[in-house]
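> Okay, so here is start-v9.txt, and as you'll see once you scroll down, it has compact mmCIF, C-alpha atoms.
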# COMPACT_ATOMS: atom_id res chain seq x y z
CA MET Z 4 22.43 -31.58 -53.02
CA LEU Z 5 19.71 -32.87 -55.33
CA LEU Z 6 21.24 -36.33 -55.27
CA ALA Z 7 21.39 -36.25 -51.48
CA VAL Z 8 17.71 -35.37 -51.31
CA LEU Z 9 16.92 -38.11 -53.78
CA ALA Z 10 19.06 -40.61 -51.95
CA SER Z 11 17.12 -39.99 -48.75
CA CYS Z 12 13.97 -40.73 -50.70
CA THR Z 13 14.99 -44.33 -51.26
CA GLY Z 14 13.17 -44.97 -48.01
CA ARG Z 15 12.81 -48.08 -45.93
CA GLU Z 16 13.52 -51.52 -47.25
CA ILE Z 17 10.48 -53.69 -47.75
CA ALA Z 18 10.61 -56.69 -45.45
CA PHE Z 19 9.29 -60.06 -46.55
CA PRO Z 20 10.07 -63.73 -45.97
CA GLU Z 21 12.84 -64.72 -48.32
CA PRO Z 22 11.59 -66.92 -51.16
CA PRO Z 23 13.41 -70.16 -51.88
CA ALA Z 24 15.93 -70.19 -54.70
CA THR Z 25 13.76 -70.83 -57.73
CA GLN Z 26 14.13 -70.88 -61.46
CA LEU Z 27 10.95 -71.95 -63.27
CA ALA Z 28 12.66 -72.84 -66.52
CA ALA Z 29 9.53 -74.40 -68.05
CA VAL Z 30 7.72 -71.07 -68.24
CA PRO Z 31 7.60 -70.13 -71.95
CA PHE Z 32 8.63 -66.73 -73.27
CA TYR Z 33 6.46 -64.43 -75.37
CA PRO Z 34 8.42 -61.25 -76.09
CA GLN Z 35 6.20 -58.22 -76.16
CA ASP Z 36 5.41 -55.96 -79.10
CA ALA Z 37 5.26 -52.18 -78.58
CA TYR Z 38 2.86 -51.51 -75.68
CA GLN Z 39 1.55 -55.04 -75.47
CA CYS Z 40 3.24 -56.36 -72.34
CA GLY Z 41 -0.18 -57.30 -70.95
CA PRO Z 42 -1.05 -59.86 -73.64
CA ALA Z 43 2.57 -61.11 -73.65
CA ALA Z 44 2.58 -61.66 -69.88
CA LEU Z 45 -0.77 -63.37 -70.05
CA ALA Z 46 0.41 -65.60 -72.91
CA THR Z 47 3.36 -66.59 -70.74
CA VAL Z 48 1.28 -67.78 -67.77
CA LEU Z 49 -1.44 -69.33 -69.94
CA GLY Z 50 1.16 -71.30 -71.89
CA TRP Z 51 2.75 -72.51 -68.66
CA SER Z 52 -0.68 -73.62 -67.35
CA GLY Z 53 -1.11 -75.92 -70.33
CA SER Z 54 -3.55 -73.73 -72.25
CA ASP Z 55 -3.19 -73.25 -76.01
CA VAL Z 56 -1.98 -69.71 -76.63
CA ASP Z 57 -3.35 -67.42 -79.33
CA LEU Z 58 -1.43 -64.19 -78.86
CA ASP Z 59 -3.49 -62.27 -81.44
CA ALA Z 60 -6.66 -63.26 -79.59
CA LEU Z 61 -5.16 -62.06 -76.31
CA VAL Z 62 -4.26 -58.72 -77.90
CA SER Z 63 -7.85 -58.37 -79.15
CA SER Z 64 -9.08 -59.29 -75.68
CA ALA Z 65 -6.93 -57.03 -73.56
CA TYR Z 66 -5.04 -54.33 -75.46
CA LEU Z 67 -6.67 -50.91 -75.30
CA PRO Z 68 -5.25 -48.71 -78.07
CA GLY Z 69 -6.51 -45.43 -76.64
CA ARG Z 70 -4.62 -46.10 -73.40
CA GLN Z 71 -1.57 -47.65 -75.09
CA GLY Z 72 -1.72 -50.59 -72.73
CA SER Z 73 -3.96 -53.07 -70.96
CA LEU Z 74 -6.13 -52.60 -67.87
CA GLN Z 75 -6.08 -55.06 -65.01
CA PRO Z 76 -9.78 -56.05 -65.16
CA GLU Z 77 -9.36 -56.82 -68.85
CA ILE Z 78 -6.27 -58.95 -68.26
CA ILE Z 79 -8.44 -60.95 -65.85
CA ALA Z 80 -11.32 -61.18 -68.34
CA ALA Z 81 -8.94 -62.30 -71.10
CA ALA Z 82 -7.68 -65.14 -68.90
CA ARG Z 83 -11.28 -66.27 -68.35
CA ARG Z 84 -11.99 -66.27 -72.06
CA ALA Z 85 -8.91 -68.46 -72.50
CA GLY Z 86 -10.56 -71.04 -70.21
CA ARG Z 87 -8.54 -70.51 -67.08
CA ILE Z 88 -9.43 -69.15 -63.63
CA PRO Z 89 -7.41 -65.99 -62.89
CA TYR Z 90 -6.71 -66.09 -59.14
CA PRO Z 91 -5.67 -62.76 -57.60
CA ILE Z 92 -2.96 -63.23 -54.96
CA PRO Z 93 -3.14 -61.45 -51.58
CA ALA Z 94 -1.73 -57.94 -51.98
CA ALA Z 95 1.31 -58.45 -49.75
CA PRO Z 96 5.07 -58.91 -50.22
CA ALA Z 97 5.00 -62.52 -49.03
CA SER Z 98 2.65 -63.67 -51.82
CA ILE Z 99 5.26 -63.98 -54.55
CA GLY Z 100 7.56 -66.16 -52.46
CA ALA Z 101 4.67 -68.45 -51.53
CA GLU Z 102 3.70 -68.94 -55.17
CA LEU Z 103 7.29 -69.44 -56.35
CA ALA Z 104 7.79 -72.03 -53.61
CA ALA Z 105 4.80 -73.93 -55.08
CA GLY Z 106 6.31 -73.69 -58.56
CA HIS Z 107 3.78 -71.11 -59.81
CA PRO Z 108 4.89 -68.15 -61.96
CA VAL Z 109 3.22 -64.88 -60.97
CA LEU Z 110 1.86 -62.25 -63.36
CA VAL Z 111 2.46 -58.85 -61.75
CA LEU Z 112 1.81 -55.20 -62.46
CA GLN Z 113 4.78 -52.96 -61.78
CA ASN Z 114 5.09 -49.19 -61.68
CA LEU Z 115 8.58 -48.69 -63.08
CA GLY Z 116 8.28 -44.93 -62.66
CA LEU Z 117 7.05 -42.92 -59.68
CA ARG Z 118 3.69 -42.72 -58.01
CA SER Z 119 3.42 -39.20 -59.41
CA SER Z 120 4.65 -40.18 -62.86
CA PRO Z 121 3.82 -43.84 -63.27
CA ARG Z 122 5.15 -46.18 -65.95
CA TRP Z 123 2.94 -49.27 -65.76
CA HIS Z 124 4.22 -52.62 -66.94
CA TYR Z 125 3.15 -56.26 -66.73
CA ALA Z 126 5.73 -58.98 -66.26
CA VAL Z 127 5.91 -62.55 -64.99
CA VAL Z 128 8.05 -63.50 -61.99
CA VAL Z 129 9.63 -66.88 -62.67
CA GLY Z 130 12.42 -67.11 -60.16
CA TYR Z 131 14.46 -65.85 -57.27
CA ASP Z 132 18.24 -65.88 -56.85
CA PRO Z 133 19.21 -65.48 -53.19
CA VAL Z 134 22.92 -65.24 -53.98
CA ALA Z 135 22.58 -62.33 -56.41
CA GLY Z 136 19.60 -60.90 -54.49
CA THR Z 137 17.44 -60.68 -57.60
CA PHE Z 138 14.07 -61.76 -58.86
CA ILE Z 139 14.01 -63.28 -62.34
CA LEU Z 140 11.25 -62.18 -64.72
CA ARG Z 141 9.94 -62.76 -68.21
CA SER Z 142 9.61 -59.08 -69.02
CA GLY Z 143 9.27 -57.05 -72.19
CA THR Z 144 11.82 -58.39 -74.64
CA GLU Z 145 13.94 -60.10 -71.97
CA ARG Z 146 13.56 -63.81 -71.31
CA ALA Z 147 15.40 -63.69 -67.99
CA ARG Z 148 15.40 -60.14 -66.72
CA ARG Z 149 17.03 -59.81 -63.31
CA GLU Z 150 15.77 -57.14 -60.96
CA ASP Z 151 17.27 -56.26 -57.61
CA VAL Z 152 14.98 -57.52 -54.87
CA GLN Z 153 14.26 -54.16 -53.26
CA ARG Z 154 13.88 -52.34 -56.56
CA PHE Z 155 11.42 -54.97 -57.72
CA MET Z 156 9.51 -54.82 -54.43
CA ALA Z 157 9.34 -51.03 -54.61
CA SER Z 158 7.99 -51.15 -58.17
CA TRP Z 159 5.47 -53.78 -57.14
CA GLN Z 160 4.50 -51.85 -54.02
CA ARG Z 161 3.75 -48.81 -56.19
CA ALA Z 162 1.31 -51.07 -58.04
CA ASP Z 163 -0.31 -51.95 -54.70
CA TYR Z 164 1.14 -55.47 -54.82
CA TRP Z 165 -1.23 -56.56 -57.59
CA GLY Z 166 -0.63 -59.99 -59.04
CA LEU Z 167 -2.33 -63.11 -60.30
CA VAL Z 168 -1.68 -66.75 -60.90
CA VAL Z 169 -3.17 -68.73 -63.76
CA LEU Z 170 -2.98 -72.43 -63.01
CA PRO Z 171 -3.70 -75.81 -64.58
CA PRO Z 172 -7.30 -76.84 -63.81
CA GLY Z 173 -7.68 -78.14 -60.26
CA ASP Z 174 -4.57 -76.42 -58.85
CA LEU Z 175 -5.01 -73.73 -56.23
CA PRO Z 176 -2.89 -70.69 -55.36
CA ALA Z 177 -0.39 -71.24 -52.56
CA SER Z 178 -0.58 -67.72 -51.19
CA GLN Z 179 -4.34 -67.58 -50.61
CA GLN Z 180 -5.79 -69.32 -47.55
CA ALA Z 181 -9.22 -67.69 -47.53
CA ALA Z 182 -12.08 -69.34 -49.43
CA GLU Z 183 -13.94 -66.19 -50.44
CA PRO Z 184 -11.57 -64.76 -53.07
CA LEU Z 185 -11.10 -68.19 -54.65
CA VAL Z 186 -14.84 -68.84 -54.73
CA ARG Z 187 -15.39 -65.44 -56.31
CA ALA Z 188 -12.71 -66.08 -58.93
CA LEU Z 189 -14.31 -69.40 -59.90
CA ALA Z 190 -17.86 -68.05 -59.93
CA ASP Z 191 -16.87 -65.21 -62.26
CA THR Z 192 -15.07 -67.60 -64.61
CA GLU Z 193 -17.44 -70.58 -64.69
CA ALA Z 194 -19.28 -69.52 -67.82
CA PHE Z 195 -16.02 -69.84 -69.79
CA LEU Z 196 -14.84 -73.16 -68.40
CA PRO Z 197 -15.57 -76.66 -69.65
CA VAL Z 198 -18.27 -78.00 -67.31
CA GLN Z 199 -15.98 -80.70 -65.94
CA ASP Z 200 -13.16 -78.24 -65.10
CA ALA Z 201 -15.61 -76.05 -63.18
CA LEU Z 202 -17.08 -79.03 -61.36
CA ASN Z 203 -13.66 -80.43 -60.45
CA THR Z 204 -12.59 -77.08 -59.01
CA TRP Z 205 -15.77 -76.81 -56.95
CA GLU Z 206 -15.22 -80.33 -55.65
CA ARG Z 207 -11.67 -79.37 -54.72
CA PHE Z 208 -13.00 -76.34 -52.81
CA LEU Z 209 -15.59 -78.55 -51.10
CA THR Z 210 -12.88 -80.91 -49.87
CA GLN Z 211 -10.98 -77.97 -48.43
CA TRP Z 212 -13.97 -76.03 -47.05
CA PRO Z 213 -16.79 -78.54 -46.50
CA ASP Z 214 -18.91 -76.24 -44.33
CA GLU Z 215 -18.48 -72.93 -46.13
CA PRO Z 216 -21.97 -71.81 -47.30
CA ASP Z 217 -20.80 -70.18 -50.55
CA VAL Z 218 -18.78 -73.28 -51.43
CA LEU Z 219 -21.79 -75.52 -50.76
CA PHE Z 220 -24.02 -73.27 -52.87
CA GLY Z 221 -21.56 -73.02 -55.76
CA SER Z 222 -20.86 -76.76 -55.73
CA ALA Z 223 -24.56 -77.62 -55.67
CA ASN Z 224 -25.18 -75.37 -58.66
CA ALA Z 225 -22.22 -76.90 -60.50
CA ARG Z 226 -23.46 -80.44 -59.85
CA ARG Z 227 -26.87 -79.54 -61.20
CA HIS Z 228 -25.31 -77.87 -64.23
CA SER Z 229 -23.33 -81.02 -64.96
CA ASP Z 230 -26.47 -83.19 -64.74
CA ASN Z 231 -25.99 -84.63 -61.28
CA PRO Z 232 -29.35 -83.64 -59.77
CA ALA Z 233 -29.34 -86.12 -56.89
CA SER Z 234 -25.95 -85.06 -55.56
CA ALA Z 235 -26.87 -81.40 -56.17
CA ALA Z 236 -30.01 -81.83 -54.07
CA ALA Z 237 -27.96 -83.46 -51.31
CA LEU Z 238 -25.66 -80.42 -51.15
CA PHE Z 239 -28.58 -77.95 -51.14
CA ARG Z 240 -30.08 -79.88 -48.22
CA ARG Z 241 -26.75 -79.86 -46.40
CA LEU Z 242 -26.57 -76.10 -46.83
CA LEU Z 243 -30.17 -75.64 -45.67
CA ALA Z 244 -29.51 -77.79 -42.62
CA ARG Z 245 -26.93 -75.16 -41.61
CA ASP Z 246 -28.93 -72.15 -42.79
CA ALA Z 247 -32.64 -72.75 -43.25
CA ASP Z 248 -33.21 -69.19 -44.43
CA HIS Z 249 -30.76 -69.35 -47.34
CA LEU Z 250 -33.28 -68.14 -49.94
CA ALA Z 251 -31.10 -68.74 -52.96
CA ALA Z 252 -30.58 -72.36 -51.90
CA ARG Z 253 -34.29 -72.85 -51.25
CA ASN Z 254 -35.09 -71.40 -54.64
CA ASN Z 255 -32.59 -73.51 -56.52
CA LEU Z 256 -33.51 -76.72 -54.66
CA ALA Z 257 -37.20 -76.08 -55.36
CA ASP Z 258 -36.46 -75.50 -59.02
CA LEU Z 259 -34.45 -78.71 -59.11
CA LEU Z 260 -37.22 -80.73 -57.44
CA LEU Z 261 -39.75 -79.30 -59.85
CA SER Z 262 -37.61 -80.33 -62.80
CA GLN Z 263 -37.68 -83.89 -61.43
CA GLY Z 264 -41.51 -83.88 -61.16
CA CYS Z 265 -41.53 -83.31 -57.40
CA GLY Z 266 -43.95 -80.39 -57.23
CA GLN Z 267 -45.08 -81.02 -53.69
CA GLY Z 268 -41.52 -81.43 -52.52
CA ALA Z 269 -40.72 -78.10 -54.18
CA GLN Z 270 -43.72 -76.52 -52.48
CA ARG Z 271 -42.52 -77.65 -49.06
CA VAL Z 272 -39.07 -76.17 -49.71
CA MET Z 273 -40.60 -72.83 -50.64
CA ALA Z 274 -43.20 -72.79 -47.87
CA ASP Z 275 -43.46 -69.82 -45.49
CA ILE Z 276 -41.24 -67.42 -47.38
CA GLU Z 277 -42.40 -63.97 -46.38
CA ALA Z 278 -42.45 -61.54 -49.28
CA ALA Z 279 -40.99 -58.84 -47.03
CA ALA Z 280 -37.96 -61.02 -46.29
CA VAL Z 281 -37.01 -61.40 -49.94
CA PRO Z 282 -34.29 -58.94 -51.07
CA ALA Z 283 -35.11 -56.88 -54.16
CA HIS Z 284 -32.69 -58.67 -56.48
CA LEU Z 285 -34.30 -62.06 -55.70
CA LYS Z 286 -37.97 -61.09 -55.85
CA HIS Z 287 -38.39 -61.83 -59.52
CA VAL Z 288 -36.69 -65.21 -59.50
CA ILE Z 289 -38.49 -66.42 -56.38
CA ALA Z 290 -41.84 -65.28 -57.77
CA ASP Z 291 -41.09 -67.19 -60.99
CA THR Z 292 -40.31 -70.34 -59.03
CA GLN Z 293 -43.43 -70.00 -56.91
CA SER Z 294 -45.58 -69.58 -60.04
CA ALA Z 295 -44.03 -72.60 -61.67
CA ILE Z 296 -44.75 -74.68 -58.55
CA SER Z 297 -48.40 -73.52 -58.47
CA ARG Z 298 -48.86 -74.40 -62.11
CA HIS Z 299 -47.37 -77.84 -61.54
CA THR Z 300 -49.32 -78.71 -58.41
CA GLN Z 301 -52.56 -77.65 -60.09
CA GLN Z 302 -51.92 -80.23 -62.79
CA HIS Z 303 -50.50 -83.04 -60.66
CA ASP Z 304 -52.14 -84.49 -57.54
CA SER Z 305 -49.06 -86.08 -56.14
CA ASP Z 306 -45.37 -86.41 -56.69
CA ALA Z 307 -43.65 -89.10 -58.73
CA GLY Z 308 -42.54 -92.16 -56.81
CA GLN Z 309 -38.85 -91.35 -56.67
CA CYS Z 310 -39.53 -87.97 -55.04
CA SER Z 311 -39.51 -89.47 -51.59
CA ASP Z 312 -35.78 -90.06 -52.07
CA TRP Z 313 -35.10 -86.40 -52.65
CA MET N 19 -31.82 -42.36 -77.58
CA LYS N 20 -34.64 -44.67 -78.58
CA ALA N 21 -32.15 -46.77 -80.54
CA MET N 22 -29.89 -47.06 -77.50
CA ARG N 23 -32.75 -48.13 -75.25
CA PHE N 24 -33.77 -50.74 -77.79
CA GLY N 25 -30.19 -51.96 -77.89
CA VAL N 26 -30.16 -52.28 -74.10
CA TRP N 27 -33.41 -54.25 -74.01
CA LEU N 28 -32.24 -56.50 -76.80
CA LYS N 29 -29.20 -57.28 -74.71
CA VAL N 30 -31.38 -57.94 -71.68
CA LEU N 31 -33.17 -60.60 -73.70
CA VAL N 32 -29.86 -62.02 -74.85
CA LEU N 33 -28.62 -62.09 -71.25
CA VAL N 34 -31.71 -63.84 -69.95
CA PHE N 35 -31.73 -66.45 -72.68
CA SER N 36 -27.99 -66.96 -72.76
CA GLY N 37 -27.99 -68.42 -69.29
CA TRP N 38 -26.94 -65.47 -67.17
CA ALA N 39 -28.33 -67.48 -64.26
CA SER N 40 -25.58 -70.04 -64.91
CA ALA N 41 -28.02 -72.90 -65.46
CA ALA N 42 -30.50 -73.42 -68.26
CA GLN N 43 -33.53 -72.35 -66.21
CA ALA N 44 -34.48 -68.70 -65.87
CA ALA N 45 -35.72 -69.39 -62.32
CA VAL N 46 -32.33 -70.45 -60.94
CA ILE N 47 -30.00 -68.14 -59.03
CA GLY N 48 -26.47 -68.42 -60.38
CA THR N 49 -23.46 -68.56 -58.07
CA ALA N 50 -21.91 -65.30 -59.31
CA GLU N 51 -25.21 -63.48 -58.85
CA HIS N 52 -25.63 -64.87 -55.36
CA LEU N 53 -22.13 -63.77 -54.29
CA GLN N 54 -22.53 -60.22 -55.52
CA ALA N 55 -26.26 -59.74 -54.76
CA THR N 56 -26.26 -58.84 -58.42
CA PRO N 57 -28.61 -56.21 -59.74
CA THR N 58 -31.21 -57.15 -62.29
CA PRO N 59 -30.17 -58.23 -65.79
CA ALA N 60 -31.30 -54.82 -67.03
CA GLU N 61 -28.75 -53.05 -64.85
CA VAL N 62 -25.97 -55.38 -65.96
CA ALA N 63 -26.96 -54.85 -69.59
CA GLN N 64 -26.71 -51.11 -69.07
CA LEU N 65 -23.26 -51.41 -67.50
CA ARG N 66 -22.12 -53.58 -70.39
CA GLU N 67 -23.47 -51.07 -72.90
CA SER N 68 -21.68 -48.22 -71.16
CA VAL N 69 -18.32 -50.02 -71.01
CA GLU N 70 -18.71 -51.18 -74.61
CA GLN N 71 -19.07 -47.58 -75.74
CA GLN N 72 -15.98 -46.58 -73.77
CA LEU N 73 -13.92 -49.41 -75.27
CA VAL N 74 -14.96 -48.40 -78.77
CA ARG N 75 -14.09 -44.78 -77.98
CA LEU N 76 -10.63 -46.04 -76.97
CA GLY N 77 -10.04 -47.85 -80.25
CA VAL N 78 -11.52 -51.33 -79.81
CA THR N 79 -13.66 -52.73 -82.65
CA ASN N 80 -17.39 -53.14 -82.00
CA GLU N 81 -17.13 -56.88 -82.23
CA ASP N 82 -14.20 -57.13 -79.81
CA ALA N 83 -15.84 -54.71 -77.36
CA LEU N 84 -18.96 -56.88 -77.21
CA ALA N 85 -16.90 -59.98 -76.41
CA ARG N 86 -14.74 -58.16 -73.88
CA VAL N 87 -17.63 -56.84 -71.77
CA ALA N 88 -19.22 -60.28 -71.70
CA ALA N 89 -16.25 -61.62 -69.73
CA LEU N 90 -16.23 -58.93 -67.03
CA SER N 91 -17.84 -59.39 -63.63
CA ARG N 92 -20.36 -56.84 -62.42
CA ASP N 93 -17.78 -55.19 -60.13
CA GLU N 94 -15.25 -55.02 -62.97
CA LEU N 95 -17.86 -53.47 -65.26
CA GLN N 96 -18.62 -50.87 -62.58
CA LEU N 97 -14.92 -50.03 -62.18
CA LEU N 98 -14.36 -49.64 -65.91
CA ALA N 99 -17.55 -47.65 -66.37
CA GLU N 100 -16.26 -45.13 -63.83
CA LYS N 101 -12.50 -45.14 -64.32
CA ILE N 102 -11.48 -46.46 -67.71
CA ASP N 103 -9.36 -43.35 -68.38
CA GLU N 104 -7.60 -43.42 -65.00
CA LEU N 105 -6.85 -47.07 -64.27
CA PRO N 106 -3.23 -48.21 -64.73
CA ALA N 107 -2.62 -49.22 -68.33
CA GLY N 108 0.35 -51.57 -68.40
CA GLY N 109 2.28 -50.98 -71.57
CA ILE N 110 5.49 -49.11 -70.66
CA ALA N 111 5.40 -46.17 -73.06
CA ALA N 112 8.53 -44.35 -74.17
CA THR N 113 9.67 -41.47 -72.00
CA LEU N 114 10.55 -38.06 -73.44
CA GLY N 115 12.24 -34.75 -72.59
CA VAL N 116 12.38 -33.39 -69.08
CA VAL N 117 10.68 -36.45 -67.67
CA PHE N 118 13.48 -38.49 -69.26
CA ILE N 119 16.18 -36.48 -67.49
CA VAL N 120 14.45 -36.78 -64.14
CA LEU N 121 13.94 -40.49 -64.59
CA LEU N 122 17.56 -40.93 -65.66
CA ILE N 123 18.73 -39.31 -62.43
CA LEU N 124 16.35 -41.40 -60.37
CA GLU N 125 17.51 -44.51 -62.19
CA LEU N 126 21.15 -43.75 -61.38
CA VAL N 127 20.29 -43.20 -57.73
CA GLY N 128 18.44 -46.50 -57.68
CA ILE N 129 14.87 -45.39 -57.08
CA THR N 130 13.42 -46.41 -60.43
CA ASP N 131 14.18 -49.38 -62.61
CA ILE N 132 13.01 -48.50 -66.10
CA PHE N 133 16.14 -48.60 -68.18
CA THR N 134 17.51 -52.02 -68.86
CA ALA N 135 21.06 -50.93 -69.68
CA ILE N 136 21.63 -49.06 -66.42
Transcribe the structure of this file into structure tokens.


Amino acid sequence: MLLAVLASCTGREIAFPEPPATQLAAVPFYPQDAYQCGPAALATVLGWSGSDVDLDALVSSAYLPGRQGSLQPEIIAAARRAGRIPYPIPAAPASIGAELAAGHPVLVLQNLGLRSSPRWHYAVVVGYDPVAGTFILRSGTERARREDVQRFMASWQRADYWGLVVLPPGDLPASQQAAEPLVRALADTEAFLPVQDALNTWERFLTQWPDEPDVLFGSANARRHSDNPASAAALFRRLLARDADHLAARNNLADLLLSQGCGQGAQRVMADIEAAAVPAHLKHVIADTQSAISRHTQQHDSDAGQCSDW
Amino acid sequence: MKAMRFGVWLKVLVLVFSGWASAAQAAVIGTAEHLQATPTPAEVAQLRESVEQQLVRLGVTNEDALARVAALSRDELQLLAEKIDELPAGGIAATLGVVFIVLLILELVGITDIFTAI
């Protein structure tokens, strides 16, 4: 009777496009210690992406003793500190197949228990066997753990289909078509990346989404940060041609012009900004820029010669 | 209380001078800030302080906690500040007693997938 009730609870099968037969043999294996599947899974994908792996450092970055495990935001933060962009994949069954098809291992959270009595676990999906009907994972102390497709999907569904890919610099996730989550992932990681890696990724985004305002803004900032002021200015102007009221772009272009001795150019960029139109979180920065421009124009009658090019 | 406020303001200074605005100038708006319409550095410093304290409470060293909060986005800080005790903690703890029996049955029926030998 109990078994019959339980059997009826197995529920509907989860439908998803079948992944190609895959076996990513090059993905290294870091067996986990005790409750440290988070750091082990992260070490696995970092190692595959070409990053040097320091497992002790990952444990210090992500393991939370009082919870006997690792939390998702801290897994993400640990990947950043290791110099890689952690890209979340769309929370949908099809995402894993798309990444496997591109040759990318996927770090997933699974609930190996029930929704009411969860047993959370991180593992890395490295393959799919259509003949046996199993996914292949680096999981716990098993290098090639096979899990029945529907069982795996159910455990992943109970974790709300959470997963990430950690890729070699310049590569993009295969499952994510929208710019916004990728832009967000890069922006939140930039501070931990070598300047050139960040710039190259922005340039890659720009090729793919040449008119996307956030991509233009991020790329312009990255060019300035890597000492390419002329090409940064060109991107700010391109953005402002599409959206003249983009205050952050006006601010940053003005600041850039000022740094090049073009006080009057900066003043023109910042002209006619109504105080009431400035959102609270930008008031301070914009006021600072305006003050700096005033100070400069008081001391200099005209702009340097090259300013007409900007 | 005074000591905590001082700590927060010290961290505000550190944030401002450490290039929170993603470029060397304090008058530049960083990309991450722009995307999130980020609150002021003081608010972020307070979030960091709060999460740091929680991490230490949960067994992380002071030094590690400081480094860990520095790598979290504002949204992640907010989430941890509110839910650090409830968020899923991947670690796969051992199961005991009655829960074990229930899970064993569920495993045999094929609902769960915890035990590797079954």

> Record the distance separating CA of Arg141 in chain Z and CA of Val111 in chain Z, expressed in Å with one decimal.

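Computed distance, CA of Arg141 in chain Z to CA of Val111 in chain Z, equals 10.6 Å.
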
> Could you write out as a VMD selection string the residues of chain N within 7 Å of chain Z, counting only C-alpha atoms?

chain N and resid 40 to 41 45 to 47 49 to 50 55 to 58 76 to 78 82 86 89 to 91 94 105 to 111 127 129 to 132

> Quick one: pull the distance between CA of Leu209 in chain Z and CA of Gln270 in chain Z, Å, one decimal.

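Between these atoms lies a distance of 28.2 Å.
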
> Which residues, written as number ranges by chain, have at least one atom at most 10 Å from Phe19 in chain Z, with all atoms listed in the file counted and residues fewer than 5 positions away on the same chain left out?

Z: 95-100, 156

> Do a neighbour search on Pro108 in chain Z at 8 Å with all atoms listed in the file, toss out local chain neighbours closer than 2 positions, and write the hits as a count of residues only.

12

> Can you work out which one of Z:Gly86, Z:Thr25, Z:Ser297, Z:Tyr131 has the shortest atom-to-atom distance to Val56 in chain Z, counting only C-alpha atoms?

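The answer is Z:Gly86, which sits nearest to Val56 in chain Z.
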
> Considering all atoms listed in the file, state which residue in the set N:Arg66, N:Leu124, N:Phe133, N:Gly48 is at the smallest distance from Asp93 in chain N.

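Looking only at the distances to Asp93 in chain N, the closest residue turns out to be N:Arg66.
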
> Provide the CA of Leu49 in chain Z to CA of Val169 in chain Z distance in Å, to one decimal place.

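Interatomic distance, CA of Leu49 in chain Z to CA of Val169 in chain Z: 6.4 Å.
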
> Kindly add N, CA and C atoms to the incomplete range 234-246 of chain Z and provide the output as an mmCIF file, in the coordinates of the input.


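rebuild15.cif, written as the output of this step:
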data_model
loop_
_atom_site.group_PDB
_atom_site.id
_atom_site.type_symbol
_atom_site.label_atom_id
_atom_site.label_comp_id
_atom_site.auth_asym_id
_atom_site.auth_seq_id
_atom_site.Cartn_x
_atom_site.Cartn_y
_atom_site.Cartn_z
ATOM 1 N N SER Z 234 -27.019 -85.551 -56.441
ATOM 2 C CA SER Z 234 -25.950 -85.060 -55.560
ATOM 3 C C SER Z 234 -26.058 -83.552 -55.369
ATOM 4 N N ALA Z 235 -26.639 -82.832 -56.354
ATOM 5 C CA ALA Z 235 -26.870 -81.400 -56.170
ATOM 6 C C ALA Z 235 -27.879 -81.185 -55.043
ATOM 7 N N ALA Z 236 -28.977 -81.965 -55.097
ATOM 8 C CA ALA Z 236 -30.010 -81.830 -54.070
ATOM 9 C C ALA Z 236 -29.424 -82.112 -52.683
ATOM 10 N N ALA Z 237 -28.566 -83.109 -52.597
ATOM 11 C CA ALA Z 237 -27.960 -83.460 -51.310
ATOM 12 C C ALA Z 237 -27.168 -82.278 -50.745
ATOM 13 N N LEU Z 238 -26.444 -81.573 -51.619
ATOM 14 C CA LEU Z 238 -25.660 -80.420 -51.150
ATOM 15 C C LEU Z 238 -26.554 -79.257 -50.747
ATOM 16 N N PHE Z 239 -27.645 -79.018 -51.526
ATOM 17 C CA PHE Z 239 -28.580 -77.950 -51.140
ATOM 18 C C PHE Z 239 -29.148 -78.254 -49.751
ATOM 19 N N ARG Z 240 -29.487 -79.518 -49.510
ATOM 20 C CA ARG Z 240 -30.080 -79.880 -48.220
ATOM 21 C C ARG Z 240 -29.060 -79.702 -47.098
ATOM 22 N N ARG Z 241 -27.810 -80.035 -47.415
ATOM 23 C CA ARG Z 241 -26.750 -79.860 -46.400
ATOM 24 C C ARG Z 241 -26.621 -78.384 -46.042
ATOM 25 N N LEU Z 242 -26.668 -77.534 -47.043
ATOM 26 C CA LEU Z 242 -26.570 -76.100 -46.830
ATOM 27 C C LEU Z 242 -27.774 -75.607 -46.016
ATOM 28 N N LEU Z 243 -28.969 -76.089 -46.367
ATOM 29 C CA LEU Z 243 -30.170 -75.640 -45.670
ATOM 30 C C LEU Z 243 -30.239 -76.160 -44.237
ATOM 31 N N ALA Z 244 -29.574 -77.282 -43.996
ATOM 32 C CA ALA Z 244 -29.510 -77.790 -42.620
ATOM 33 C C ALA Z 244 -28.717 -76.807 -41.746
ATOM 34 N N ARG Z 245 -27.729 -76.145 -42.357
ATOM 35 C CA ARG Z 245 -26.930 -75.160 -41.610
ATOM 36 C C ARG Z 245 -27.640 -73.810 -41.560
ATOM 37 N N ASP Z 246 -28.351 -73.482 -42.640
ATOM 38 C CA ASP Z 246 -28.930 -72.150 -42.790
ATOM 39 C C ASP Z 246 -30.273 -72.284 -43.495
#
